[in-house]
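What's in target.cif: mmCIF, C-alpha atoms and all ligand atoms
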data_my_file
loop_
_atom_site.label_atom_id
_atom_site.label_comp_id
_atom_site.auth_asym_id
_atom_site.auth_seq_id
_atom_site.Cartn_x
_atom_site.Cartn_y
_atom_site.Cartn_z
CA MET A 53 -6.54 -0.45 -4.27
CA GLY A 54 -5.28 -3.99 -4.52
CA GLY A 55 -2.96 -5.54 -1.97
CA THR A 56 -2.16 -8.61 0.02
CA PHE A 57 -3.02 -6.68 3.20
CA ASP A 58 -1.19 -9.23 5.35
CA PRO A 59 -1.79 -7.15 7.47
CA ILE A 60 -3.26 -3.83 6.27
CA HIS A 61 -1.29 -0.94 7.84
CA HIS A 62 -1.34 2.85 8.07
CA GLY A 63 0.80 3.21 4.92
CA HIS A 64 -2.04 1.67 2.89
CA LEU A 65 -4.66 3.80 4.64
CA VAL A 66 -2.81 7.11 4.30
CA ALA A 67 -2.19 6.46 0.60
CA ALA A 68 -5.86 5.63 -0.01
CA SER A 69 -7.07 8.65 1.96
CA GLU A 70 -4.72 11.03 0.15
CA VAL A 71 -5.69 9.79 -3.32
CA GLN A 72 -9.39 9.86 -2.41
CA ALA A 73 -9.09 13.52 -1.39
CA ARG A 74 -6.85 14.67 -4.28
CA PHE A 75 -9.02 13.05 -6.96
CA ASP A 76 -12.31 13.60 -5.14
CA LEU A 77 -13.13 9.90 -5.48
CA ASP A 78 -16.61 8.75 -4.46
CA GLU A 79 -15.16 5.66 -2.84
CA VAL A 80 -12.01 3.64 -2.42
CA MET A 81 -12.46 -0.10 -2.82
CA PHE A 82 -9.80 -2.19 -1.07
CA VAL A 83 -9.41 -5.53 -2.84
CA PRO A 84 -7.44 -8.14 -0.88
CA THR A 85 -5.71 -10.56 -3.26
CA GLY A 86 -6.68 -14.19 -3.47
CA GLN A 87 -3.51 -16.20 -4.03
CA PRO A 88 -0.95 -13.53 -5.06
CA TYR A 89 0.99 -15.04 -7.96
CA GLU A 90 4.26 -13.36 -7.01
CA LYS A 91 4.30 -13.97 -3.24
CA GLY A 92 4.97 -17.11 -1.25
CA ARG A 93 2.80 -18.27 1.61
CA VAL A 94 0.30 -15.71 2.88
CA SER A 95 -2.26 -15.71 5.72
CA PRO A 96 -5.72 -17.14 5.03
CA ALA A 97 -7.74 -14.89 2.72
CA GLU A 98 -10.54 -14.63 5.27
CA ASP A 99 -8.17 -13.19 7.90
CA ARG A 100 -6.73 -10.66 5.43
CA TYR A 101 -10.24 -9.73 4.31
CA LEU A 102 -11.51 -9.26 7.88
CA MET A 103 -8.48 -7.17 8.92
CA THR A 104 -9.16 -4.95 5.90
CA VAL A 105 -12.82 -4.61 6.90
CA VAL A 106 -11.87 -3.75 10.50
CA ALA A 107 -9.29 -1.17 9.35
CA THR A 108 -11.63 0.61 6.93
CA ALA A 109 -14.96 0.35 8.79
CA SER A 110 -14.94 3.89 10.21
CA ASN A 111 -14.42 5.65 6.85
CA PRO A 112 -17.72 6.04 4.93
CA ARG A 113 -15.82 6.22 1.61
CA PHE A 114 -13.79 3.06 2.20
CA HIS A 115 -15.14 -0.35 1.19
CA VAL A 116 -13.74 -3.85 0.80
CA SER A 117 -14.36 -6.21 -2.11
CA ARG A 118 -14.24 -10.01 -2.01
CA ALA A 119 -13.78 -10.15 -5.81
CA ASP A 120 -10.21 -11.45 -5.74
CA ILE A 121 -10.52 -13.78 -2.78
CA ASP A 122 -13.68 -15.36 -4.22
CA ARG A 123 -12.14 -15.89 -7.70
CA ASP A 124 -10.33 -19.21 -8.14
CA GLY A 125 -6.67 -19.32 -9.12
CA PRO A 126 -3.95 -16.69 -8.82
CA THR A 127 -4.97 -13.04 -8.67
CA TYR A 128 -4.22 -10.85 -11.68
CA THR A 129 -5.08 -7.15 -11.60
CA VAL A 130 -6.50 -7.30 -15.14
CA ASP A 131 -9.23 -9.63 -13.79
CA THR A 132 -9.80 -7.41 -10.74
CA LEU A 133 -10.38 -4.40 -12.98
CA ARG A 134 -12.74 -6.33 -15.25
CA ASP A 135 -14.75 -7.34 -12.18
CA MET A 136 -14.84 -3.74 -10.90
CA ARG A 137 -15.99 -2.56 -14.32
CA ALA A 138 -18.80 -5.12 -14.24
CA VAL A 139 -19.89 -3.91 -10.80
CA TYR A 140 -19.70 -0.17 -11.47
CA GLY A 141 -20.77 -0.05 -15.12
CA GLN A 142 -19.27 1.45 -18.25
CA SER A 143 -19.63 5.10 -17.21
CA ALA A 144 -17.65 4.80 -13.97
CA GLU A 145 -14.16 6.30 -13.84
CA LEU A 146 -11.87 3.68 -12.34
CA TYR A 147 -8.53 4.45 -10.70
CA PHE A 148 -6.07 1.84 -9.51
CA ILE A 149 -3.91 2.97 -6.59
CA THR A 150 -0.49 1.40 -6.33
CA GLY A 151 2.75 2.06 -4.46
CA ALA A 152 6.07 2.97 -6.07
CA ASP A 153 7.49 -0.55 -5.65
CA ALA A 154 4.56 -2.20 -7.40
CA LEU A 155 4.41 0.49 -10.10
CA ALA A 156 8.01 -0.23 -11.06
CA ARG A 157 7.07 -3.82 -11.95
CA ILE A 158 3.69 -3.14 -13.52
CA MET A 159 4.65 -3.80 -17.15
CA SER A 160 5.42 -7.41 -16.17
CA TRP A 161 1.89 -7.98 -14.86
CA LYS A 162 -0.45 -10.19 -16.88
CA ASP A 163 -1.93 -8.43 -19.95
CA ALA A 164 -0.31 -5.16 -18.85
CA LEU A 165 -1.47 -3.02 -21.76
CA THR A 166 -5.07 -4.25 -21.51
CA MET A 167 -4.89 -3.67 -17.77
CA LEU A 168 -3.62 -0.10 -18.20
CA GLY A 169 -6.56 0.55 -20.54
CA LEU A 170 -9.12 -0.55 -17.94
CA ALA A 171 -8.33 2.10 -15.31
CA HIS A 172 -6.23 5.15 -14.69
CA PHE A 173 -3.26 4.17 -12.54
CA ILE A 174 -2.17 6.31 -9.59
CA GLY A 175 1.38 5.67 -8.42
CA VAL A 176 2.00 6.83 -4.85
CA THR A 177 5.29 7.54 -3.10
CA ARG A 178 6.64 4.99 -0.68
CA PRO A 179 9.74 5.45 1.51
CA GLY A 180 12.69 3.47 0.14
CA PHE A 181 11.41 3.26 -3.45
CA GLU A 182 11.80 5.66 -6.33
CA LEU A 183 8.53 6.73 -7.96
CA SER A 184 8.84 7.05 -11.73
CA ASN A 185 6.62 6.50 -14.77
CA ASP A 186 9.51 6.60 -17.27
CA HIS A 187 8.94 3.05 -18.47
CA LEU A 188 5.14 3.35 -18.66
CA PRO A 189 2.86 4.39 -21.54
CA ALA A 190 2.21 8.13 -21.42
CA ASP A 191 -1.17 9.20 -19.99
CA SER A 192 -1.87 5.92 -18.24
CA VAL A 193 -0.29 6.76 -14.88
CA THR A 194 -0.36 9.79 -12.56
CA LEU A 195 2.22 10.09 -9.80
CA VAL A 196 1.09 11.40 -6.42
CA GLU A 197 3.13 12.28 -3.37
CA VAL A 198 1.50 10.99 -0.18
CA PRO A 199 2.62 11.57 3.44
CA ALA A 200 5.58 9.25 4.00
CA MET A 201 4.86 6.18 6.09
CA ALA A 202 7.85 3.83 6.31
CA ILE A 203 5.68 0.82 7.14
CA SER A 204 5.42 -2.51 5.35
CA SER A 205 3.33 -5.59 6.07
CA SER A 206 6.50 -7.72 6.15
CA ALA A 207 8.00 -5.49 8.84
CA CYS A 208 4.75 -5.78 10.84
CA ARG A 209 4.79 -9.59 10.52
CA ASN A 210 8.44 -9.75 11.56
CA ARG A 211 7.74 -7.53 14.57
CA VAL A 212 4.91 -9.79 15.74
CA ALA A 213 7.10 -12.87 15.25
CA ALA A 214 9.84 -11.18 17.30
CA GLY A 215 7.41 -10.21 20.07
CA LEU A 216 7.63 -6.49 19.25
CA PRO A 217 4.53 -4.24 19.24
CA VAL A 218 2.70 -3.19 16.08
CA TRP A 219 0.52 -0.66 17.91
CA TYR A 220 0.30 2.59 15.89
CA LEU A 221 1.70 0.91 12.76
CA VAL A 222 -1.65 -0.77 12.09
CA PRO A 223 -5.13 0.29 13.33
CA ASP A 224 -5.98 -0.75 16.90
CA GLY A 225 -8.64 -3.21 15.73
CA VAL A 226 -6.05 -4.91 13.50
CA VAL A 227 -3.63 -5.32 16.45
CA GLN A 228 -6.46 -6.91 18.38
CA TYR A 229 -7.45 -9.16 15.45
CA ILE A 230 -3.82 -10.32 15.02
CA ASN A 231 -3.67 -11.21 18.73
CA LYS A 232 -7.07 -12.88 18.76
CA ARG A 233 -6.17 -15.12 15.80
CA GLY A 234 -2.52 -15.59 16.81
CA LEU A 235 -1.33 -14.46 13.37
CA TYR A 236 2.40 -14.13 12.50
CA ARG A 237 3.63 -15.64 15.77
CA ASP A 238 5.38 -18.53 14.12
CA SER A 239 7.65 -16.76 11.68
CA GLY A 240 6.57 -19.00 8.75
CA ILE A 241 4.78 -16.15 6.97
CA ALA A 242 7.14 -13.45 8.18
CA GLY A 243 9.48 -13.05 5.21
CA PRO A 244 12.08 -10.35 4.58
CA VAL A 245 11.58 -6.86 6.02
P1 LIG A 301 4.65 -6.83 2.00
O1 LIG A 301 5.72 -6.26 2.86
O2 LIG A 301 4.10 -8.13 2.47
O3 LIG A 301 4.99 -6.84 0.54
P2 LIG A 301 3.29 -4.31 1.74
O4 LIG A 301 3.45 -3.45 2.94
O5 LIG A 301 4.15 -4.01 0.56
O6 LIG A 301 3.39 -5.83 2.15
P3 LIG A 301 1.08 -4.87 0.03
O7 LIG A 301 -0.20 -5.50 0.46
O8 LIG A 301 2.08 -5.67 -0.71
O9 LIG A 301 1.77 -4.25 1.35
O10 LIG A 301 0.81 -3.51 -0.74
C1 LIG A 301 -0.38 -3.16 -1.40
C2 LIG A 301 -0.16 -1.84 -2.09
O11 LIG A 301 0.12 -0.79 -1.14
C3 LIG A 301 1.07 -1.86 -3.03
O12 LIG A 301 0.74 -1.12 -4.19
C4 LIG A 301 2.14 -1.16 -2.23
O13 LIG A 301 3.10 -0.53 -3.05
C5 LIG A 301 1.33 -0.13 -1.45
N1 LIG A 301 1.96 0.24 -0.18
C6 LIG A 301 2.30 -0.61 0.81
N2 LIG A 301 2.87 0.04 1.84
C7 LIG A 301 2.89 1.35 1.50
C8 LIG A 301 3.37 2.54 2.16
N3 LIG A 301 3.96 2.50 3.36
N4 LIG A 301 3.24 3.73 1.49
C9 LIG A 301 2.66 3.76 0.27
N5 LIG A 301 2.19 2.68 -0.40
C10 LIG A 301 2.30 1.48 0.20
MG MG A 302 4.58 -5.33 -0.92
#

Give the structure from this file in structure tokens form.
Ligand code: ATP
Ligand code: MG
Amino acid sequence: MGGTFDPIHHGHLVAASEVQARFDLDEVMFVPTGQPYEKGRVSPAEDRYLMTVVATASNPRFHVSRADIDRDGPTYTVDTLRDMRAVYGQSAELYFITGADALARIMSWKDALTMLGLAHFIGVTRPGFELSNDHLPADSVTLVEVPAMAISSSACRNRVAAGLPVWYLVPDGVVQYINKRGLYRDSGIAGPV
């Protein structure tokens, strides 16, 4: 599951947990993006990586990869999947978990058809976005309904900038990490909700 994870929140975690259970996946690898090519300023990669580690540490099937943050240049999912293939070998079945908003734009991602051939894509429901695979090649995407969590990282950032709590929207350790590092207080990385 790729994401900016700025910060990781319970929407990400519920989606990952649901897909892991439905598809009986051995593990879910969270891959924080390096420099996302389609987003503006984001928090330092190391902070996003550590928040993702903190949030996933208690689940034995959840892991975090540094592949994207350690690769130079903008992050493209086609490269992420090639790296995962190199790590797990040719026989591994790879699934890429993505929310309805991202799925809607997937054909515009770099080398989209190659990318869709490197993994099976799982599109998950997300409140406020319609989940559809109409515009996607048949057989490359499965749609999955996950418990609705109307949470976004931007809303979490805006709440911190406004002095509002993010307890229960993100894991406790992530709240504490945000406070410890003073993330999102100046609204520079807040962005639209
Ligand atoms: P931002 O508001 O900064 O865009 P975000 O909450 O959308 O952050 P991302 O890191 O951009 O989080 O998302 C990573 C992946 O998780 C994307 O595929 C996205 O669609 C999915 N996702 C994010 N939030 C949810 C949610 N509440 N329910 C289901 N999927 C989600
Ligand atoms: Mg997003």

**OP:** Tell me which protein, DNA and RNA residues are within 6 Å of Tyr236 (chain A), counting all atoms listed in the file, leaving out same-chain ones fewer than 2 positions away, and put them as a list in words.
**Re:**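 Those residues are Arg209, Val212, Ala213, Asp238 and Ser239 of chain A.
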
**OP:** Could the residues that lie within 8 Å of ligand LIG 301 (chain A), counting only C-alpha atoms and all ligand atoms, be listed as a PyMOL selection string?
**Re:** chain A and resi 53-64+66-67+84+149-155+176-179+198+200-207+243-245

**OP:** Have a look at A:Thr129, A:Thr166, A:Ser160, A:Thr194 and name the one nearest to Gln87 (chain A); count all atoms listed in the file.
**Re:**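 Closest candidate: A:Thr129.
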
Original post:
In terms of the shortest atom-to-atom distance over all atoms listed in the file, which of A:Ala190, A:Ala68, A:Ala156, A:Leu77 is closest to ligand MG 302 (chain A)?
Top reply: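 Smallest distance to ligand MG 302 (chain A) is found for A:Ala156.
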
**OP:** Rank A:Val227, A:Leu235, A:Ala144, A:Ala107 by their smallest atom-to-atom distance to Val94 (chain A), using all atoms listed in the file, and report the top residue only.
**Re:** A:Leu235

Original post:
Of the candidates A:Gln72, A:Gln228, A:Thr127, A:Asn111, which one gets nearest to Lys91 (chain A) if we count all atoms listed in the file?
Top reply: A:Thr127

Original post:
Neighbours of Glu145 (chain A) within 12 Å (all atoms listed in the file; same-chain residues fewer than 6 positions away dropped), as a VMD selection string?
Top reply: chain A and resid 75 to 80 133 136 to 137 169 to 173

**OP:** Could you please determine the separation between CA of Thr85 (chain A) and CA of Asp99 (chain A) in Å, to one decimal place?
**Re:**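 A separation of 11.7 Å between them.
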
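The nearest approach to Arg113 (chain A) among the residues A:Ser69, A:Ile174, A:Gly141, A:Asp131, with only C-alpha atoms taken into account, belongs to A:Ser69.
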
With 6 Å on each side, where is the centre of the axis-aligned box around all listed atoms of region 80-93 of chain A, and how long are its edges in Å to one decimal, as JSON?
{"center_x": -3.7, "center_y": -7.3, "center_z": -3.2, "size_x": 29.4, "size_y": 33.9, "size_z": 21.6}

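Interatomic distance, CA of Val106 (chain A) against CA of Val130 (chain A): 26.4 Å.
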
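With all atoms listed in the file as the basis for measurement, A:Phe181 is the residue among A:Phe114, A:Phe181, A:Trp219, A:Trp161 that approaches ligand MG 302 (chain A) most closely.
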